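Data block below; observations after.
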Amino acid sequence: MSTNTIKDLAAGTAGGIAQVLVGQPFDIVKVRMQTSAKGTYNGMLHCAGGILKNEGPLAFYKGTLTPLLGIGLCVSIQFGALEYAKRVFAGQNLANGRGGDGGRMLGGGQLIIAGVGAGLANGFVSGPVEHIRIRLQTQSNTNPIYNGPFDAIKKISSQHGLAGLFKGQCVTFLREATGYGAYFLVYEKLIQREMTQKGIRREQINPMNAVLYGAAAGYALWAVIYPIDMIKSRMQTDGFTPSTGQKYASARDCVRKVWQTEGIGAFTRGLGPTLIRSPFANGATFLGFEMASRVLYS
């Protein structure tokens with residue numbers, strides 16, 4: 001593994017930790033709304049108020065250890081794969097006499113491919129990590145099935161094997177590939193635009209602009225993937241077998257049954273907390289990555 005890749009992985013970890021600490025309270029509200037029966041909550045504030053009243057303020061960070069470790073690793077993989085792909089494309093551009101200084105001004109198609117690759121690489125880890133997190137976020141507070149992430153991993157794997165941990169994995173890959181193609185395209189194009197307009201290097205961009213561009217990238221991601229994310233959440237909170245309350249035989253079956261029983265509105269349920277969370281969490285992610293990169297590459 002090259003020195004640059006190690007630096008990218010480290011910087012991505014910093015971004016991932018920032019993302020979790022900022023975004024976790026919003027995420028638990030989103031998941032509760034996505035996976036609850038129709039009519040359970042009147043809206044985001046009703047859901048958040050119920051969590052606060054019935055479970056206390058610490059409930060907003062329920063299951064945080066899993067994403068703190070796992071999402072740190074996921075974002076590390078995302079940025080490691082992205083930056084590697086960017087270097088490969090920059091080398092190709094340089095050889096073909098395009099892409100500006102060092103061939104680093106990648107085209108839109110190159111950025112989409114790099115983002116899709118980053119998303120797929122990330123999906124191998126994000127699938128089981130988010131599955132465990134969602135199980136912990138949605139279980140009963142008074143009679144929990146799992147006593148933390150490691151207990152959840154142990155029980156699920158012993159009862160349902162490796163496939164149990166990777167429940168909903170196909171939908172996860174679809175979400176990650178689609179979402180991160182859009183995510184990194186928007187962010188990198190905004191960075192390129194400022195560099196070109198002002199004639200500056202990447203490390204000279206104001207850190208607050210990285211926050212703003214990260215917020216825009218986050219909105220692009222959720223605009224593309226939210227219905228897919230809802231199906232993933234349903235699949236990952238569903239029973240493992242018919243005897244344990246399994247409702248959906250597959251992702252396609254899940255889409256069909258949700259559409260028939262709850263209507264199109266179910267596919268955007270929980271969107272409010274997601275849109276509020278997104279600029280803060282994604283802005284923090286890119287700020288953490290960019291600042292860590294500047295230190296590591298200085």
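How things are named: the first chain in the structure tokens is A, the next is B, and so on; residues count from 1 in each chain; ligands count from 1 in the order shown.
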Excluding same-chain residues fewer than 4 positions from Lys30 in chain A, what lies within 9 Å of it counting only C-alpha atoms, as a PDB file with all heavy atoms, in the first residue's frame?
```pdb
ATOM      1  N   PRO A  25     -27.716  11.982  15.870  1.00  0.00           N
ATOM      2  CA  PRO A  25     -29.064  12.245  16.398  1.00  0.00           C
ATOM      3  C   PRO A  25     -30.126  12.362  15.301  1.00  0.00           C
ATOM      4  O   PRO A  25     -31.255  11.894  15.472  1.00  0.00           O
ATOM      5  CB  PRO A  25     -28.887  13.586  17.139  1.00  0.00           C
ATOM      6  CG  PRO A  25     -27.438  13.623  17.496  1.00  0.00           C
ATOM      7  CD  PRO A  25     -26.739  12.985  16.337  1.00  0.00           C
ATOM      8  N   PHE A  26     -29.763  12.967  14.175  1.00  0.00           N
ATOM      9  CA  PHE A  26     -30.703  13.072  13.063  1.00  0.00           C
ATOM     10  C   PHE A  26     -30.966  11.703  12.440  1.00  0.00           C
ATOM     11  O   PHE A  26     -32.076  11.400  12.005  1.00  0.00           O
ATOM     12  CB  PHE A  26     -30.151  14.016  11.983  1.00  0.00           C
ATOM     13  CG  PHE A  26     -29.931  15.426  12.452  1.00  0.00           C
ATOM     14  CD1 PHE A  26     -28.661  15.849  12.827  1.00  0.00           C
ATOM     15  CD2 PHE A  26     -30.980  16.323  12.521  1.00  0.00           C
ATOM     16  CE1 PHE A  26     -28.450  17.150  13.255  1.00  0.00           C
ATOM     17  CE2 PHE A  26     -30.783  17.622  12.939  1.00  0.00           C
ATOM     18  CZ  PHE A  26     -29.515  18.039  13.312  1.00  0.00           C
ATOM     19  N   GLN A  34     -38.589   5.896   9.080  1.00  0.00           N
ATOM     20  CA  GLN A  34     -38.592   5.021   7.908  1.00  0.00           C
ATOM     21  C   GLN A  34     -39.178   3.654   8.212  1.00  0.00           C
ATOM     22  O   GLN A  34     -39.840   3.047   7.362  1.00  0.00           O
ATOM     23  CB  GLN A  34     -37.165   4.826   7.380  1.00  0.00           C
ATOM     24  CG  GLN A  34     -36.609   5.989   6.587  1.00  0.00           C
ATOM     25  CD  GLN A  34     -35.217   5.682   6.067  1.00  0.00           C
ATOM     26  OE1 GLN A  34     -34.467   4.914   6.677  1.00  0.00           O
ATOM     27  NE2 GLN A  34     -34.854   6.276   4.951  1.00  0.00           N
ATOM     28  N   THR A  35     -38.912   3.145   9.407  1.00  0.00           N
ATOM     29  CA  THR A  35     -39.242   1.751   9.709  1.00  0.00           C
ATOM     30  C   THR A  35     -40.512   1.584  10.536  1.00  0.00           C
ATOM     31  O   THR A  35     -40.943   0.462  10.781  1.00  0.00           O
ATOM     32  CB  THR A  35     -38.073   1.081  10.459  1.00  0.00           C
ATOM     33  OG1 THR A  35     -37.787   1.814  11.659  1.00  0.00           O
ATOM     34  CG2 THR A  35     -36.818   1.063   9.590  1.00  0.00           C
ATOM     35  N   MET A  44     -41.321  14.809  12.047  1.00  0.00           N
ATOM     36  CA  MET A  44     -39.994  14.702  12.627  1.00  0.00           C
ATOM     37  C   MET A  44     -39.968  15.123  14.096  1.00  0.00           C
ATOM     38  O   MET A  44     -39.383  14.443  14.945  1.00  0.00           O
ATOM     39  CB  MET A  44     -39.037  15.576  11.816  1.00  0.00           C
ATOM     40  CG  MET A  44     -37.624  15.642  12.351  1.00  0.00           C
ATOM     41  SD  MET A  44     -36.629  16.824  11.417  1.00  0.00           S
ATOM     42  CE  MET A  44     -37.425  18.368  11.883  1.00  0.00           C
ATOM     43  N   CYS A  47     -41.592  12.568  16.366  1.00  0.00           N
ATOM     44  CA  CYS A  47     -40.710  11.426  16.551  1.00  0.00           C
ATOM     45  C   CYS A  47     -39.586  11.752  17.528  1.00  0.00           C
ATOM     46  O   CYS A  47     -39.334  11.012  18.485  1.00  0.00           O
ATOM     47  CB  CYS A  47     -40.131  10.986  15.209  1.00  0.00           C
ATOM     48  SG  CYS A  47     -39.000   9.583  15.304  1.00  0.00           S
ATOM     49  N   ARG A 269     -40.783   9.047   3.644  1.00  0.00           N
ATOM     50  CA  ARG A 269     -40.974   9.216   5.085  1.00  0.00           C
ATOM     51  C   ARG A 269     -39.608   9.326   5.780  1.00  0.00           C
ATOM     52  O   ARG A 269     -38.706   8.534   5.512  1.00  0.00           O
ATOM     53  CB  ARG A 269     -41.757   8.045   5.659  1.00  0.00           C
ATOM     54  CG  ARG A 269     -42.218   8.250   7.104  1.00  0.00           C
ATOM     55  CD  ARG A 269     -42.970   7.031   7.601  1.00  0.00           C
ATOM     56  NE  ARG A 269     -44.145   6.765   6.781  1.00  0.00           N
ATOM     57  CZ  ARG A 269     -44.676   5.556   6.625  1.00  0.00           C
ATOM     58  NH1 ARG A 269     -44.109   4.501   7.192  1.00  0.00           N
ATOM     59  NH2 ARG A 269     -45.743   5.391   5.885  1.00  0.00           N
ATOM     60  N   GLY A 270     -39.463  10.302   6.659  1.00  0.00           N
ATOM     61  CA  GLY A 270     -38.186  10.516   7.338  1.00  0.00           C
ATOM     62  C   GLY A 270     -37.239  11.419   6.573  1.00  0.00           C
ATOM     63  O   GLY A 270     -36.097  11.623   6.968  1.00  0.00           O
ATOM     64  N   LEU A 271     -37.726  11.978   5.453  1.00  0.00           N
ATOM     65  CA  LEU A 271     -36.861  12.834   4.631  1.00  0.00           C
ATOM     66  C   LEU A 271     -36.500  14.132   5.349  1.00  0.00           C
ATOM     67  O   LEU A 271     -35.392  14.655   5.176  1.00  0.00           O
ATOM     68  CB  LEU A 271     -37.554  13.148   3.303  1.00  0.00           C
ATOM     69  CG  LEU A 271     -36.767  13.956   2.274  1.00  0.00           C
ATOM     70  CD1 LEU A 271     -35.465  13.247   1.888  1.00  0.00           C
ATOM     71  CD2 LEU A 271     -37.616  14.213   1.023  1.00  0.00           C
ATOM     72  N   GLY A 272     -37.417  14.637   6.179  1.00  0.00           N
ATOM     73  CA  GLY A 272     -37.174  15.896   6.890  1.00  0.00           C
ATOM     74  C   GLY A 272     -35.888  15.891   7.712  1.00  0.00           C
ATOM     75  O   GLY A 272     -35.009  16.746   7.507  1.00  0.00           O
ATOM     76  N   PRO A 273     -35.739  14.944   8.677  1.00  0.00           N
ATOM     77  CA  PRO A 273     -34.493  14.924   9.458  1.00  0.00           C
ATOM     78  C   PRO A 273     -33.258  14.665   8.612  1.00  0.00           C
ATOM     79  O   PRO A 273     -32.165  15.121   8.931  1.00  0.00           O
ATOM     80  CB  PRO A 273     -34.721  13.785  10.466  1.00  0.00           C
ATOM     81  CG  PRO A 273     -35.872  12.994   9.943  1.00  0.00           C
ATOM     82  CD  PRO A 273     -36.720  13.956   9.163  1.00  0.00           C
ATOM     83  N   THR A 274     -33.445  13.938   7.505  1.00  0.00           N
ATOM     84  CA  THR A 274     -32.316  13.675   6.614  1.00  0.00           C
ATOM     85  C   THR A 274     -31.830  14.969   5.970  1.00  0.00           C
ATOM     86  O   THR A 274     -30.622  15.226   5.899  1.00  0.00           O
ATOM     87  CB  THR A 274     -32.716  12.674   5.513  1.00  0.00           C
ATOM     88  OG1 THR A 274     -33.129  11.462   6.131  1.00  0.00           O
ATOM     89  CG2 THR A 274     -31.550  12.393   4.576  1.00  0.00           C
TER      90      THR A 274
END
```
If you count only C-alpha atoms, which residues fall within 12 Å of Ser140 in chain A, apart from same-chain ones fewer than 3 positions away, as JSON, numbers by chain? {"A": [32, 51, 54, 55, 59, 62, 135, 136, 137, 143, 144, 145, 146, 147]}
Considering only C-alpha atoms, state which residue in the set A:Phe286, A:Phe60, A:Phe166, A:Phe124 is at the smallest distance from Phe240 in chain A.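 Answer, going by the shortest atom-to-atom distance: A:Phe166.
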When distances are computed from only C-alpha atoms, which of A:Gly12, A:Pro57, A:Gly239, A:Gly283 shows the smallest separation from Ile28 in chain A?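 Looking only at the distances to Ile28 in chain A, the closest residue turns out to be A:Pro57.
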Rank nothing, just name the residue among A:Met195, A:Ile6, A:Ile276, A:Ile112 nearest to Thr178 in chain A, using only C-alpha atoms. A:Ile112
Taking only C-alpha atoms into account, which of A:Asn282, A:Ser36, A:Gln192, A:Thr13 comes nearest Val211 in chain A?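 Going through A:Asn282, A:Ser36, A:Gln192, A:Thr13 one by one, the smallest distance to Val211 in chain A is for A:Asn282.
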For Met235 in chain A, please output as a PyMOL selection string all residues within 9 Å (counting only C-alpha atoms; exclusion window: fewer than 5 positions along the same chain). chain A and resi 167-168+171+230+247-248+250-251+254
Those same residues, written as an mmCIF file, in the first residue's frame with all heavy atoms?
```cif
data_model
loop_
_atom_site.group_PDB
_atom_site.id
_atom_site.type_symbol
_atom_site.label_atom_id
_atom_site.label_comp_id
_atom_site.auth_asym_id
_atom_site.auth_seq_id
_atom_site.Cartn_x
_atom_site.Cartn_y
_atom_site.Cartn_z
ATOM 1 N N LYS A 167 -27.583 -8.803 5.510
ATOM 2 C CA LYS A 167 -28.976 -8.674 5.075
ATOM 3 C C LYS A 167 -29.177 -7.316 4.392
ATOM 4 O O LYS A 167 -28.723 -6.289 4.888
ATOM 5 C CB LYS A 167 -29.902 -8.794 6.286
ATOM 6 C CG LYS A 167 -31.384 -8.839 5.941
ATOM 7 C CD LYS A 167 -32.208 -9.120 7.198
ATOM 8 C CE LYS A 167 -33.700 -9.063 6.918
ATOM 9 N NZ LYS A 167 -34.130 -10.069 5.936
ATOM 10 N N GLY A 168 -29.853 -7.324 3.245
ATOM 11 C CA GLY A 168 -30.080 -6.085 2.503
ATOM 12 C C GLY A 168 -28.877 -5.610 1.715
ATOM 13 O O GLY A 168 -28.823 -4.447 1.289
ATOM 14 N N VAL A 171 -29.331 -4.125 -2.012
ATOM 15 C CA VAL A 171 -29.867 -2.761 -1.997
ATOM 16 C C VAL A 171 -28.791 -1.783 -1.538
ATOM 17 O O VAL A 171 -28.704 -0.659 -2.032
ATOM 18 C CB VAL A 171 -31.105 -2.671 -1.077
ATOM 19 C CG1 VAL A 171 -31.744 -1.299 -1.183
ATOM 20 C CG2 VAL A 171 -32.104 -3.744 -1.408
ATOM 21 N N MET A 230 -34.701 3.951 2.020
ATOM 22 C CA MET A 230 -35.864 3.516 2.778
ATOM 23 C C MET A 230 -36.070 2.011 2.636
ATOM 24 O O MET A 230 -36.328 1.313 3.629
ATOM 25 C CB MET A 230 -37.104 4.280 2.305
ATOM 26 C CG MET A 230 -38.359 4.046 3.163
ATOM 27 S SD MET A 230 -39.216 2.490 2.880
ATOM 28 C CE MET A 230 -39.787 2.710 1.187
ATOM 29 N N LYS A 247 -41.315 -10.077 6.604
ATOM 30 C CA LYS A 247 -42.399 -9.553 5.771
ATOM 31 C C LYS A 247 -42.051 -9.585 4.279
ATOM 32 O O LYS A 247 -42.936 -9.678 3.435
ATOM 33 C CB LYS A 247 -42.720 -8.107 6.155
ATOM 34 C CG LYS A 247 -43.159 -7.895 7.587
ATOM 35 C CD LYS A 247 -43.347 -6.394 7.844
ATOM 36 C CE LYS A 247 -43.696 -6.109 9.280
ATOM 37 N NZ LYS A 247 -43.772 -4.646 9.537
ATOM 38 N N TYR A 248 -40.751 -9.429 3.985
ATOM 39 C CA TYR A 248 -40.347 -9.222 2.597
ATOM 40 C C TYR A 248 -39.422 -10.345 2.123
ATOM 41 O O TYR A 248 -38.413 -10.642 2.761
ATOM 42 C CB TYR A 248 -39.632 -7.879 2.457
ATOM 43 C CG TYR A 248 -40.367 -6.728 3.113
ATOM 44 C CD1 TYR A 248 -39.795 -6.034 4.185
ATOM 45 C CD2 TYR A 248 -41.630 -6.335 2.669
ATOM 46 C CE1 TYR A 248 -40.466 -4.978 4.793
ATOM 47 C CE2 TYR A 248 -42.300 -5.283 3.265
ATOM 48 C CZ TYR A 248 -41.724 -4.611 4.335
ATOM 49 O OH TYR A 248 -42.391 -3.574 4.939
ATOM 50 N N SER A 250 -37.800 -10.254 -0.749
ATOM 51 C CA SER A 250 -36.700 -9.641 -1.491
ATOM 52 C C SER A 250 -36.906 -8.131 -1.507
ATOM 53 O O SER A 250 -37.950 -7.635 -1.066
ATOM 54 C CB SER A 250 -36.665 -10.169 -2.923
ATOM 55 O OG SER A 250 -37.838 -9.759 -3.617
ATOM 56 N N ALA A 251 -35.928 -7.417 -2.048
ATOM 57 C CA ALA A 251 -36.051 -5.961 -2.166
ATOM 58 C C ALA A 251 -37.221 -5.600 -3.079
ATOM 59 O O ALA A 251 -37.981 -4.667 -2.802
ATOM 60 C CB ALA A 251 -34.752 -5.365 -2.692
ATOM 61 N N CYS A 254 -40.351 -6.015 -1.270
ATOM 62 C CA CYS A 254 -40.486 -4.912 -0.309
ATOM 63 C C CYS A 254 -41.068 -3.675 -0.998
ATOM 64 O O CYS A 254 -41.996 -3.044 -0.487
ATOM 65 C CB CYS A 254 -39.126 -4.597 0.311
ATOM 66 S SG CYS A 254 -39.161 -3.249 1.526
#
```
Å distance separating CA of Gly99 in chain A from CA of Glu83 in chain A, one decimal place: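 Between CA of Gly99 in chain A and CA of Glu83 in chain A the gap works out to 15.6 Å.
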Could you list, with a cut-off of 10 Å and counting only C-alpha atoms, the residues of range 32-119 of chain A near range 288-293 of chain A, each shown with its nearest atom pair and the distance in Å rounded to one decimal, rows sorted by chain and ascending number, as a Markdown table?
```
| residue | atom | partner | partner_atom | distance |
| --- | --- | --- | --- | --- |
| A:Val75 | CA | A:Phe289 | CA | 9.3 |
| A:Ser76 | CA | A:Phe289 | CA | 9.2 |
| A:Phe79 | CA | A:Phe289 | CA | 8.4 |
```
From the options A:Asn96, A:Ile77, A:Phe280, A:Thr285, which residue's atoms come nearest to Asp8 in chain A, counting only C-alpha atoms?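 Of A:Asn96, A:Ile77, A:Phe280, A:Thr285, the one nearest Asp8 in chain A, counting only C-alpha atoms, is A:Ile77.
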Might you pull out every residue within 12 Å of Arg252 in chain A, with only C-alpha atoms counted and same-chain residues fewer than 3 positions away left off, and present them as a CSV table (one decimal) with C-alpha atoms, in the first residue's frame?
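Contents of selection.csv, freshly written:
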```
chain,number,residue,atom,x,y,z
A,168,GLY,CA,-30.1,-6.1,2.5
A,170,CYS,CA,-27.8,-5.9,-2.8
A,171,VAL,CA,-29.9,-2.8,-2.0
A,228,ILE,CA,-33.5,3.2,-2.1
A,231,ILE,CA,-36.1,0.1,1.2
A,232,LYS,CA,-32.7,-0.8,2.7
A,234,ARG,CA,-37.0,-1.9,5.8
A,235,MET,CA,-35.0,-4.9,4.7
A,248,TYR,CA,-40.3,-9.2,2.6
A,249,ALA,CA,-39.0,-12.0,0.4
A,255,VAL,CA,-41.0,-2.2,-2.9
A,256,ARG,CA,-44.2,-3.8,-4.1
A,257,LYS,CA,-45.7,-4.3,-0.6
A,258,VAL,CA,-44.8,-0.9,0.7
A,259,TRP,CA,-46.3,0.7,-2.5
```
Please list as a PyMOL selection string every residue within 9 Å of Ile134 in chain A, counting only C-alpha atoms and excluding residues in the same chain fewer than 5 positions away. chain A and resi 28+31-32+63+129+139+233+236-237
Restricting it to C-alpha atoms, dump the selection as a PDB file, in the first residue's frame.
```pdb
ATOM      1  CA  ILE A  28     -31.904   7.795  14.542  1.00  0.00           C
ATOM      2  CA  VAL A  31     -34.527   5.417  10.808  1.00  0.00           C
ATOM      3  CA  ARG A  32     -37.399   5.380  13.322  1.00  0.00           C
ATOM      4  CA  GLY A  63     -25.877   2.477  18.597  1.00  0.00           C
ATOM      5  CA  VAL A 129     -22.295  -1.777   9.853  1.00  0.00           C
ATOM      6  CA  GLN A 139     -35.079  -2.205  19.227  1.00  0.00           C
ATOM      7  CA  SER A 233     -33.872   0.238   6.146  1.00  0.00           C
ATOM      8  CA  GLN A 236     -32.521  -4.509   7.522  1.00  0.00           C
ATOM      9  CA  THR A 237     -35.217  -4.297  10.207  1.00  0.00           C
TER      10      THR A 237
END
```
Name all residues at most 12 Å from Val186 in chain A (count only C-alpha atoms; drop same-chain ones fewer than 4 positions away) and give them as an MDAnalysis selection string. chainID A and resid 107:109 111:112 115 179:182 190:193 210 212:221
Could you pull out all residues of range 83-255 of chain A with a DSSP call of alpha helix (DSSP H) and give them as an NGL selection string? :A and (83-95 or 108-138 or 149-165 or 169-198 or 207-237 or 251-255)
Nearest to Arg294 in chain A, chosen from A:Glu203, A:Pro227, A:Ser278, A:Gln260, with only C-alpha atoms counted in the distances: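 Smallest distance to Arg294 in chain A is found for A:Glu203.
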What's the 12 Å shell around Gly164 in chain A, counting only C-alpha atoms, without same-chain residues fewer than 5 positions away, as a PDB file with N, CA and C atoms, in the first residue's frame?
```pdb
ATOM      1  N   GLY A 127     -22.698  -2.097   4.563  1.00  0.00           N
ATOM      2  CA  GLY A 127     -23.860  -2.974   4.669  1.00  0.00           C
ATOM      3  C   GLY A 127     -24.035  -3.557   6.060  1.00  0.00           C
ATOM      4  N   PRO A 128     -23.091  -4.355   6.547  1.00  0.00           N
ATOM      5  CA  PRO A 128     -23.239  -4.918   7.890  1.00  0.00           C
ATOM      6  C   PRO A 128     -23.186  -3.881   9.008  1.00  0.00           C
ATOM      7  N   HIS A 131     -26.548  -2.276   9.112  1.00  0.00           N
ATOM      8  CA  HIS A 131     -27.518  -3.275   9.566  1.00  0.00           C
ATOM      9  C   HIS A 131     -27.507  -3.366  11.088  1.00  0.00           C
ATOM     10  N   ILE A 132     -26.321  -3.483  11.672  1.00  0.00           N
ATOM     11  CA  ILE A 132     -26.214  -3.567  13.128  1.00  0.00           C
ATOM     12  C   ILE A 132     -26.717  -2.284  13.776  1.00  0.00           C
ATOM     13  N   ARG A 135     -30.528  -2.150  13.692  1.00  0.00           N
ATOM     14  CA  ARG A 135     -31.117  -3.077  14.668  1.00  0.00           C
ATOM     15  C   ARG A 135     -31.085  -2.474  16.074  1.00  0.00           C
ATOM     16  N   ALA A 152     -24.957  -7.961  19.217  1.00  0.00           N
ATOM     17  CA  ALA A 152     -25.793  -8.096  18.025  1.00  0.00           C
ATOM     18  C   ALA A 152     -25.076  -8.905  16.946  1.00  0.00           C
ATOM     19  N   ILE A 153     -23.805  -8.606  16.730  1.00  0.00           N
ATOM     20  CA  ILE A 153     -23.019  -9.350  15.738  1.00  0.00           C
ATOM     21  C   ILE A 153     -22.961 -10.833  16.105  1.00  0.00           C
ATOM     22  N   LYS A 154     -22.705 -11.101  17.376  1.00  0.00           N
ATOM     23  CA  LYS A 154     -22.589 -12.484  17.847  1.00  0.00           C
ATOM     24  C   LYS A 154     -23.901 -13.242  17.662  1.00  0.00           C
ATOM     25  N   LYS A 155     -25.014 -12.631  18.069  1.00  0.00           N
ATOM     26  CA  LYS A 155     -26.303 -13.317  18.004  1.00  0.00           C
ATOM     27  C   LYS A 155     -26.765 -13.513  16.558  1.00  0.00           C
ATOM     28  N   ILE A 156     -26.630 -12.489  15.753  1.00  0.00           N
ATOM     29  CA  ILE A 156     -27.092 -12.594  14.360  1.00  0.00           C
ATOM     30  C   ILE A 156     -26.261 -13.614  13.585  1.00  0.00           C
ATOM     31  N   SER A 157     -24.948 -13.549  13.749  1.00  0.00           N
ATOM     32  CA  SER A 157     -24.083 -14.477  13.006  1.00  0.00           C
ATOM     33  C   SER A 157     -24.261 -15.917  13.472  1.00  0.00           C
ATOM     34  N   SER A 158     -24.482 -16.122  14.769  1.00  0.00           N
ATOM     35  CA  SER A 158     -24.654 -17.487  15.273  1.00  0.00           C
ATOM     36  C   SER A 158     -25.991 -18.088  14.849  1.00  0.00           C
ATOM     37  N   GLN A 159     -27.024 -17.232  14.733  1.00  0.00           N
ATOM     38  CA  GLN A 159     -28.357 -17.723  14.393  1.00  0.00           C
ATOM     39  C   GLN A 159     -28.618 -17.765  12.886  1.00  0.00           C
ATOM     40  N   GLN A 169     -27.922  -6.502   1.461  1.00  0.00           N
ATOM     41  CA  GLN A 169     -26.657  -6.087   0.854  1.00  0.00           C
ATOM     42  C   GLN A 169     -26.810  -5.637  -0.603  1.00  0.00           C
ATOM     43  N   MET A 235     -35.577  -3.565   4.781  1.00  0.00           N
ATOM     44  CA  MET A 235     -34.987  -4.893   4.655  1.00  0.00           C
ATOM     45  C   MET A 235     -34.144  -5.241   5.882  1.00  0.00           C
ATOM     46  N   GLN A 236     -33.443  -4.248   6.410  1.00  0.00           N
ATOM     47  CA  GLN A 236     -32.521  -4.509   7.522  1.00  0.00           C
ATOM     48  C   GLN A 236     -33.188  -4.507   8.889  1.00  0.00           C
ATOM     49  N   THR A 237     -34.474  -4.147   8.959  1.00  0.00           N
ATOM     50  CA  THR A 237     -35.217  -4.297  10.207  1.00  0.00           C
ATOM     51  C   THR A 237     -36.239  -5.426  10.110  1.00  0.00           C
ATOM     52  N   ASP A 238     -36.322  -6.045   8.948  1.00  0.00           N
ATOM     53  CA  ASP A 238     -37.271  -7.140   8.741  1.00  0.00           C
ATOM     54  C   ASP A 238     -36.801  -8.393   9.469  1.00  0.00           C
ATOM     55  N   GLY A 239     -37.722  -9.321   9.726  1.00  0.00           N
ATOM     56  CA  GLY A 239     -37.344 -10.592  10.326  1.00  0.00           C
ATOM     57  C   GLY A 239     -36.432 -11.386   9.398  1.00  0.00           C
ATOM     58  N   PHE A 240     -35.682 -12.280   9.987  1.00  0.00           N
ATOM     59  CA  PHE A 240     -34.737 -13.074   9.190  1.00  0.00           C
ATOM     60  C   PHE A 240     -35.423 -14.257   8.501  1.00  0.00           C
ATOM     61  N   THR A 241     -36.483 -14.762   9.116  1.00  0.00           N
ATOM     62  CA  THR A 241     -37.236 -15.900   8.568  1.00  0.00           C
ATOM     63  C   THR A 241     -38.722 -15.641   8.810  1.00  0.00           C
TER      64      THR A 241
END
```
Kindly give the distance, in Å, that separates CA of Ala48 in chain A and CA of Met33 in chain A, rounded to a single decimal.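 Taking CA of Ala48 in chain A and CA of Met33 in chain A, their separation equals 9.7 Å.
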For CA of Ile205 in chain A and CA of Gly100 in chain A, determine how far apart the two atoms are, in Å to one decimal place.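 Taking CA of Ile205 in chain A and CA of Gly100 in chain A, their separation equals 17.8 Å.
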